file upload-v3.cif (mmCIF, C-alpha atoms)
data_work
loop_
_atom_site.group_PDB
_atom_site.id
_atom_site.type_symbol
_atom_site.label_atom_id
_atom_site.label_comp_id
_atom_site.auth_asym_id
_atom_site.auth_seq_id
_atom_site.Cartn_x
_atom_site.Cartn_y
_atom_site.Cartn_z
ATOM 1 C CA MET A 1 84.544 184.967 -0.381
ATOM 2 C CA SER A 2 85.640 181.607 0.968
ATOM 3 C CA ALA A 3 86.830 179.243 -1.752
ATOM 4 C CA GLU A 4 85.628 176.315 0.363
ATOM 5 C CA LEU A 5 81.950 177.155 -0.019
ATOM 6 C CA GLU A 6 80.077 174.597 -2.097
ATOM 7 C CA LEU A 7 76.449 175.235 -2.992
ATOM 8 C CA PRO A 8 73.965 172.664 -4.343
ATOM 9 C CA GLY A 9 73.641 174.082 -7.832
ATOM 10 C CA VAL A 10 70.190 173.753 -9.384
ATOM 11 C CA ARG A 11 69.241 174.396 -13.005
ATOM 12 C CA LEU A 12 66.430 176.934 -13.309
ATOM 13 C CA ARG A 13 64.337 177.021 -16.473
ATOM 14 C CA ALA A 14 61.402 179.369 -17.108
ATOM 15 C CA GLU A 15 59.415 178.749 -20.285
ATOM 16 C CA GLY A 16 56.802 181.024 -21.830
ATOM 17 C CA ILE A 17 56.278 183.114 -18.690
ATOM 18 C CA THR A 18 53.413 185.615 -18.788
ATOM 19 C CA ALA A 19 52.677 187.632 -15.636
ATOM 20 C CA GLY A 20 51.706 191.059 -14.324
ATOM 21 C CA TYR A 21 49.896 192.967 -11.610
ATOM 22 C CA GLY A 22 46.322 192.633 -12.862
ATOM 23 C CA GLY A 23 45.018 193.881 -16.163
ATOM 24 C CA ASP A 24 47.345 193.580 -19.142
ATOM 25 C CA PRO A 25 50.434 191.411 -18.499
ATOM 26 C CA VAL A 26 53.788 193.137 -17.985
ATOM 27 C CA ILE A 27 55.807 190.231 -19.378
ATOM 28 C CA ARG A 28 54.705 187.892 -22.164
ATOM 29 C CA GLY A 29 56.063 184.536 -23.272
ATOM 30 C CA ILE A 30 59.499 184.923 -21.694
ATOM 31 C CA THR A 31 61.858 181.945 -21.754
ATOM 32 C CA VAL A 32 65.122 182.119 -19.796
ATOM 33 C CA GLY A 33 67.418 179.632 -18.106
ATOM 34 C CA VAL A 34 70.470 179.477 -15.865
ATOM 35 C CA ASN A 35 72.680 176.495 -15.067
ATOM 36 C CA PRO A 36 74.737 175.692 -11.968
ATOM 37 C CA GLY A 37 77.975 177.662 -12.005
ATOM 38 C CA GLU A 38 76.633 180.358 -14.333
ATOM 39 C CA VAL A 39 75.930 184.056 -13.946
ATOM 40 C CA VAL A 40 73.127 184.991 -16.331
ATOM 41 C CA SER A 41 72.133 188.658 -16.477
ATOM 42 C CA LEU A 42 68.904 190.389 -17.439
ATOM 43 C CA VAL A 43 69.320 193.885 -18.864
ATOM 44 C CA GLY A 44 66.934 196.304 -20.519
ATOM 45 C CA PRO A 45 65.388 199.741 -20.126
ATOM 46 C CA ASN A 46 63.270 200.696 -17.133
ATOM 47 C CA GLY A 47 59.805 199.187 -17.430
ATOM 48 C CA SER A 48 60.929 196.311 -19.639
ATOM 49 C CA GLY A 49 59.779 193.683 -17.125
ATOM 50 C CA LYS A 50 63.054 192.567 -15.549
ATOM 51 C CA SER A 51 61.982 192.841 -11.916
ATOM 52 C CA THR A 52 58.520 191.504 -12.751
ATOM 53 C CA LEU A 53 60.142 188.379 -14.166
ATOM 54 C CA LEU A 54 62.214 187.793 -11.028
ATOM 55 C CA LYS A 55 59.176 188.316 -8.780
ATOM 56 C CA SER A 56 57.201 185.771 -10.781
ATOM 57 C CA LEU A 57 60.030 183.231 -10.540
ATOM 58 C CA ALA A 58 60.243 183.805 -6.773
ATOM 59 C CA GLY A 59 56.511 183.319 -6.239
ATOM 60 C CA MET A 60 55.779 186.978 -5.475
ATOM 61 C CA LEU A 61 53.572 187.366 -8.546
ATOM 62 C CA ARG A 62 51.138 184.873 -10.035
ATOM 63 C CA ILE A 63 52.107 183.456 -13.425
ATOM 64 C CA SER A 64 49.173 183.362 -15.824
ATOM 65 C CA ALA A 65 50.945 181.266 -18.455
ATOM 66 C CA GLY A 66 54.169 179.305 -18.651
ATOM 67 C CA GLN A 67 56.185 176.999 -16.412
ATOM 68 C CA VAL A 68 59.102 177.357 -13.969
ATOM 69 C CA LEU A 69 61.338 174.368 -13.294
ATOM 70 C CA ALA A 70 63.978 174.158 -10.550
ATOM 71 C CA GLY A 71 65.878 171.004 -11.328
ATOM 72 C CA ASP A 72 63.182 168.390 -11.917
ATOM 73 C CA SER A 73 60.555 170.202 -9.813
ATOM 74 C CA ASP A 74 57.781 172.264 -11.367
ATOM 75 C CA ILE A 75 57.605 175.244 -8.959
ATOM 76 C CA THR A 76 55.167 177.333 -11.006
ATOM 77 C CA ASN A 77 53.052 179.493 -8.667
ATOM 78 C CA TRP A 78 54.334 177.801 -5.534
ATOM 79 C CA PRO A 79 54.175 180.008 -2.401
ATOM 80 C CA PRO A 80 57.437 181.942 -1.826
ATOM 81 C CA GLU A 81 58.371 179.915 1.250
ATOM 82 C CA GLU A 82 58.016 176.666 -0.703
ATOM 83 C CA ILE A 83 60.133 178.071 -3.519
ATOM 84 C CA ALA A 84 62.756 178.937 -0.902
ATOM 85 C CA ARG A 85 62.596 175.339 0.326
ATOM 86 C CA ALA A 86 63.212 174.264 -3.283
ATOM 87 C CA ALA A 87 66.626 175.991 -3.066
ATOM 88 C CA VAL A 88 65.680 179.188 -4.919
ATOM 89 C CA GLY A 89 66.775 182.322 -3.049
ATOM 90 C CA TYR A 90 65.475 185.803 -3.916
ATOM 91 C CA VAL A 91 67.103 189.137 -2.994
ATOM 92 C CA PRO A 92 64.789 192.075 -3.837
ATOM 93 C CA GLN A 93 66.025 195.501 -4.851
ATOM 94 C CA VAL A 94 64.478 197.201 -1.805
ATOM 95 C CA ASP A 95 63.368 196.011 1.642
ATOM 96 C CA ASP A 96 66.089 193.367 1.490
ATOM 97 C CA VAL A 97 67.061 193.539 5.191
ATOM 98 C CA PHE A 98 65.304 194.313 8.474
ATOM 99 C CA GLY A 99 66.698 197.718 9.459
ATOM 100 C CA PRO A 100 65.878 197.667 13.210
ATOM 101 C CA LEU A 101 67.421 194.199 13.677
ATOM 102 C CA SER A 102 71.111 193.490 14.145
ATOM 103 C CA VAL A 103 73.227 191.760 11.534
ATOM 104 C CA ARG A 104 73.070 188.542 13.570
ATOM 105 C CA GLU A 105 69.296 188.775 13.955
ATOM 106 C CA ASN A 106 68.899 189.342 10.219
ATOM 107 C CA LEU A 107 70.910 186.211 9.516
ATOM 108 C CA GLU A 108 68.884 184.221 12.015
ATOM 109 C CA MET A 109 65.694 185.443 10.318
ATOM 110 C CA GLY A 110 67.122 184.149 7.048
ATOM 111 C CA GLY A 111 67.258 180.692 8.586
ATOM 112 C CA TYR A 112 63.608 180.652 9.639
ATOM 113 C CA LEU A 113 62.951 177.438 7.717
ATOM 114 C CA LEU A 114 65.878 175.603 9.340
ATOM 115 C CA PRO A 115 65.821 173.376 12.401
ATOM 116 C CA ARG A 116 66.991 175.529 15.320
ATOM 117 C CA ARG A 117 70.135 173.429 15.817
ATOM 118 C CA GLN A 118 71.382 174.379 12.326
ATOM 119 C CA VAL A 119 70.914 178.141 12.591
ATOM 120 C CA GLY A 120 74.105 178.908 14.535
ATOM 121 C CA GLU A 121 76.206 176.796 12.176
ATOM 122 C CA ARG A 122 74.777 178.549 9.121
ATOM 123 C CA VAL A 123 75.348 181.990 10.676
ATOM 124 C CA SER A 124 78.999 181.106 11.232
ATOM 125 C CA ARG A 125 79.355 179.935 7.662
ATOM 126 C CA ALA A 126 77.677 183.061 6.266
ATOM 127 C CA VAL A 127 80.201 185.171 8.152
ATOM 128 C CA THR A 128 83.102 183.213 6.672
ATOM 129 C CA VAL A 129 81.677 183.904 3.217
ATOM 130 C CA PHE A 130 81.145 187.603 3.963
ATOM 131 C CA PRO A 131 83.889 188.321 6.539
ATOM 132 C CA ARG A 132 83.059 192.020 6.804
ATOM 133 C CA LEU A 133 79.745 191.128 8.424
ATOM 134 C CA GLY A 134 81.580 189.312 11.203
ATOM 135 C CA GLN A 135 82.943 192.648 12.426
ATOM 136 C CA MET A 136 79.457 194.112 12.925
ATOM 137 C CA MET A 137 77.226 191.320 14.171
ATOM 138 C CA SER A 138 75.616 193.484 16.853
ATOM 139 C CA ARG A 139 75.190 196.540 14.603
ATOM 140 C CA SER A 140 71.697 197.316 13.347
ATOM 141 C CA ALA A 141 71.177 196.809 9.632
ATOM 142 C CA ALA A 142 69.960 200.411 9.391
ATOM 143 C CA ARG A 143 73.504 201.586 10.198
ATOM 144 C CA LEU A 144 75.176 199.609 7.408
ATOM 145 C CA SER A 145 76.447 201.148 4.196
ATOM 146 C CA GLY A 146 74.700 200.312 0.931
ATOM 147 C CA GLY A 147 77.323 197.721 0.019
ATOM 148 C CA GLU A 148 77.200 196.146 3.467
ATOM 149 C CA ARG A 149 73.399 195.912 3.297
ATOM 150 C CA LYS A 150 73.647 194.005 0.011
ATOM 151 C CA MET A 151 76.191 191.637 1.528
ATOM 152 C CA LEU A 152 73.811 191.053 4.437
ATOM 153 C CA ALA A 153 70.872 190.504 2.067
ATOM 154 C CA MET A 154 72.821 187.857 0.144
ATOM 155 C CA ALA A 155 74.083 186.286 3.378
ATOM 156 C CA ARG A 156 70.472 185.991 4.625
ATOM 157 C CA VAL A 157 69.545 184.087 1.470
ATOM 158 C CA LEU A 158 72.698 181.983 1.828
ATOM 159 C CA MET A 159 71.405 180.693 5.164
ATOM 160 C CA LEU A 160 69.115 178.255 3.293
ATOM 161 C CA ASP A 161 71.825 176.856 0.986
ATOM 162 C CA PRO A 162 70.143 177.989 -2.246
ATOM 163 C CA GLY A 163 71.090 176.369 -5.517
ATOM 164 C CA VAL A 164 69.709 179.404 -7.387
ATOM 165 C CA PHE A 165 70.123 183.097 -6.551
ATOM 166 C CA LEU A 166 67.663 185.616 -8.017
ATOM 167 C CA LEU A 167 69.220 189.072 -7.517
ATOM 168 C CA ASP A 168 67.241 192.215 -8.360
ATOM 169 C CA GLU A 169 69.424 195.289 -8.989
ATOM 170 C CA PRO A 170 72.101 194.399 -6.407
ATOM 171 C CA THR A 171 74.204 197.489 -7.232
ATOM 172 C CA ALA A 172 71.364 200.038 -7.172
ATOM 173 C CA ASN A 173 72.442 203.284 -5.467
ATOM 174 C CA LEU A 174 75.993 202.046 -4.905
ATOM 175 C CA ALA A 175 79.106 203.977 -5.904
ATOM 176 C CA PRO A 176 80.741 202.583 -9.075
ATOM 177 C CA ALA A 177 83.766 201.113 -7.275
ATOM 178 C CA ILE A 178 81.625 199.401 -4.631
ATOM 179 C CA ALA A 179 79.245 198.126 -7.299
ATOM 180 C CA ALA A 180 82.108 196.659 -9.323
ATOM 181 C CA ALA A 181 83.521 194.922 -6.236
ATOM 182 C CA LEU A 182 80.118 193.483 -5.309
ATOM 183 C CA LEU A 183 79.686 192.059 -8.802
ATOM 184 C CA SER A 184 83.167 190.622 -9.223
ATOM 185 C CA GLU A 185 84.073 189.611 -5.670
ATOM 186 C CA HIS A 186 80.755 188.242 -4.461
ATOM 187 C CA ILE A 187 78.176 187.614 -7.173
ATOM 188 C CA ARG A 188 80.597 186.004 -9.618
ATOM 189 C CA GLN A 189 82.003 183.838 -6.844
ATOM 190 C CA LEU A 190 78.557 182.572 -5.841
ATOM 191 C CA ALA A 191 78.480 180.968 -9.275
ATOM 192 C CA GLY A 192 82.057 179.780 -8.777
ATOM 193 C CA SER A 193 80.829 177.941 -5.682
ATOM 194 C CA GLY A 194 78.264 176.022 -7.745
ATOM 195 C CA ALA A 195 75.111 178.151 -7.581
ATOM 196 C CA ALA A 196 73.072 179.323 -10.564
ATOM 197 C CA VAL A 197 72.824 183.138 -10.470
ATOM 198 C CA LEU A 198 70.197 185.134 -12.367
ATOM 199 C CA VAL A 199 70.773 188.859 -11.877
ATOM 200 C CA VAL A 200 68.853 191.954 -12.986
ATOM 201 C CA GLU A 201 71.256 194.845 -13.465
ATOM 202 C CA GLN A 202 71.167 198.339 -14.966
ATOM 203 C CA ARG A 203 74.966 198.632 -15.243
ATOM 204 C CA ALA A 204 75.148 196.746 -18.523
ATOM 205 C CA ARG A 205 78.878 197.058 -19.122
ATOM 206 C CA ALA A 206 79.764 196.009 -15.563
ATOM 207 C CA VAL A 207 77.429 193.026 -15.466
ATOM 208 C CA LEU A 208 78.514 191.798 -18.902
ATOM 209 C CA ALA A 209 82.051 191.547 -17.510
ATOM 210 C CA ILE A 210 80.937 188.870 -15.021
ATOM 211 C CA SER A 211 78.189 187.172 -17.069
ATOM 212 C CA ASP A 212 78.279 183.910 -18.973
ATOM 213 C CA ARG A 213 75.114 184.831 -20.888
ATOM 214 C CA THR A 214 72.743 187.782 -21.034
ATOM 215 C CA TYR A 215 69.084 188.275 -21.959
ATOM 216 C CA VAL A 216 67.964 191.701 -23.173
ATOM 217 C CA LEU A 217 64.350 192.550 -22.320
ATOM 218 C CA GLY A 218 62.222 195.173 -23.975
ATOM 219 C CA GLY A 219 58.493 195.757 -23.834
ATOM 220 C CA GLY A 220 57.981 192.714 -21.633
ATOM 221 C CA GLU A 221 59.671 190.305 -24.051
ATOM 222 C CA VAL A 222 63.145 188.905 -24.722
ATOM 223 C CA ARG A 223 64.562 190.974 -27.587
ATOM 224 C CA MET A 224 68.090 189.569 -27.756
ATOM 225 C CA SER A 225 70.252 187.027 -25.973
ATOM 226 C CA GLY A 226 73.783 185.744 -26.170
ATOM 227 C CA THR A 227 77.220 185.694 -24.611
ATOM 228 C CA PRO A 228 78.861 189.005 -23.673
ATOM 229 C CA ALA A 229 81.090 188.763 -26.739
ATOM 230 C CA GLU A 230 78.130 188.139 -29.050
ATOM 231 C CA LEU A 231 76.136 191.063 -27.679
ATOM 232 C CA SER A 232 79.146 193.376 -27.730
ATOM 233 C CA ALA A 233 79.423 192.645 -31.455
ATOM 234 C CA SER A 234 75.814 193.741 -32.038
ATOM 235 C CA PRO A 235 75.510 197.393 -33.136
ATOM 236 C CA GLU A 236 71.936 197.497 -31.807
ATOM 237 C CA PHE A 237 73.024 196.379 -28.352
ATOM 238 C CA VAL A 238 76.087 198.612 -28.301
ATOM 239 C CA ASP A 239 74.120 201.710 -29.286
ATOM 240 C CA SER A 240 71.376 201.023 -26.756
ATOM 241 C CA PHE A 241 73.321 199.806 -23.732
ATOM 242 C CA LEU A 242 77.026 200.540 -24.084
ATOM 243 C CA GLY A 243 76.839 204.156 -25.180
ATOM 244 C CA GLY A 244 77.927 203.381 -28.714
ATOM 245 C CA HIS A 245 81.389 202.193 -27.645
ATOM 246 C CA ALA A 246 81.982 198.457 -27.536
ATOM 247 C CA THR A 247 84.884 196.731 -25.889
ATOM 248 C CA PRO A 248 85.389 192.970 -25.927
ATOM 249 C CA ALA A 249 83.350 191.468 -23.092
ATOM 250 C CA THR A 250 84.130 188.068 -21.716
ATOM 251 C CA ALA A 251 83.150 186.423 -18.464
ATOM 252 C CA PRO A 252 86.034 185.680 -16.093
ATOM 253 C CA ASP A 253 87.126 182.130 -15.424
ATOM 254 C CA GLY A 254 85.299 180.410 -12.594
#

call {"tool": "encode", "arguments": {"input": "upload-v3.cif", "output": "structure tokens"}}
result
Amino acid sequence: MSAELELPGVRLRAEGITAGYGGDPVIRGITVGVNPGEVVSLVGPNGSGKSTLLKSLAGMLRISAGQVLAGDSDITNWPPEEIARAAVGYVPQVDDVFGPLSVRENLEMGGYLLPRRQVGERVSRAVTVFPRLGQMMSRSAARLSGGERKMLAMARVLMLDPGVFLLDEPTANLAPAIAAALLSEHIRQLAGSGAAVLVVEQRARAVLAISDRTYVLGGGEVRMSGTPAELSASPEFVDSFLGGHATPATAPDG
């Protein structure tokens, strides 16, 4: 990733969030936050509410209680396109690119809120951030590898200069080596460029290695939180998420 990229970091704060899909809420009273330059991870078992939380922050689900702040703006229950305008970018776990469209066309779609004169400039910048995409601009997204698709999904969000990235399972279905590279070479460096990054991830050990702080969800609530080192010192966390074998976990510089 280009070291020259500078993103307009925005502090995101969600307080007392309750949301679901109708009927009983899936998440209840969740409070999380991420600051510019941080990677904050959300881990927990399947069904704990991690993806539901991200969808509610991105405006995909209605929040029945609580408040979401992006900087000084209360964006609670704003439409997704208005949340995007407020510099909050969301990359879902699935359906994150348009398969029939080329890489270039996907990037241009990511800039749909921009004045037309800015789209070409932002495409060029996205390619400098993710150089591999520059070698396949005319290739359809359906022909990309899993890792390349995730790069394209993040590059599409990058088109709008987000201050906050909400990433849902970015390493799902990727080989371990590719997943590790995506986390360390791209996601960590988004934070190094000034953005606030909130990431849902099942690979607890791998994501702890790039995280500044981590929230552990269970049953739709925050059960634990802390730095990687603090959580790695917790027998409960180690037994549940690290296979009973802890190693010191610290976030890298930057």

call {"tool": "closest_atom_pairs", "arguments": {"input": "upload-v3.cif", "of": "range 32-151 of chain A", "to": "range 18-23 of chain A", "cutoff": "6 Å", "atoms": "all atoms listed in the file", "output": "JSON lines"}}
result
{"residue": "A:Ile63", "atom": "CA", "partner": "A:Ala19", "partner_atom": "CA", "distance": 4.8}
{"residue": "A:Ser64", "atom": "CA", "partner": "A:Ala19", "partner_atom": "CA", "distance": 5.5}
{"residue": "A:Ala65", "atom": "CA", "partner": "A:Thr18", "partner_atom": "CA", "distance": 5.0}

call {"tool": "atom_distance", "arguments": {"input": "upload-v3.cif", "atom1": "CA of Asn35 in chain A", "atom2": "CA of Tyr215 in chain A"}}
result
14.1 Å

call {"tool": "residues_near_point", "arguments": {"input": "upload-v3.cif", "point": "(70.5, 195.7, -9.6)", "cutoff": "7 Å", "atoms": "only C-alpha atoms", "output": "list in words"}}
result
Gln93, Asp168, Glu169, Pro170, Thr171, Ala172, Val200, Glu201 and Gln202 of chain A

call {"tool": "resolve_selection", "arguments": {"input": "upload-v3.cif", "expression": "the PyMOL selection byres ((chain A and resi 144) around 12)", "output": "JSON, numbers by chain"}}
result
{"A": [97, 98, 99, 100, 101, 102, 103, 132, 133, 135, 136, 137, 138, 139, 140, 141, 142, 143, 145, 146, 147, 148, 149, 150, 151, 152, 153]}

call {"tool": "resolve_selection", "arguments": {"input": "upload-v3.cif", "expression": "the PyMOL selection byres ((chain A and resi 81) around 12)", "output": "VMD selection string"}}
result
chain A and resid 58 to 60 75 77 to 80 82 to 90 110 to 114 157 160
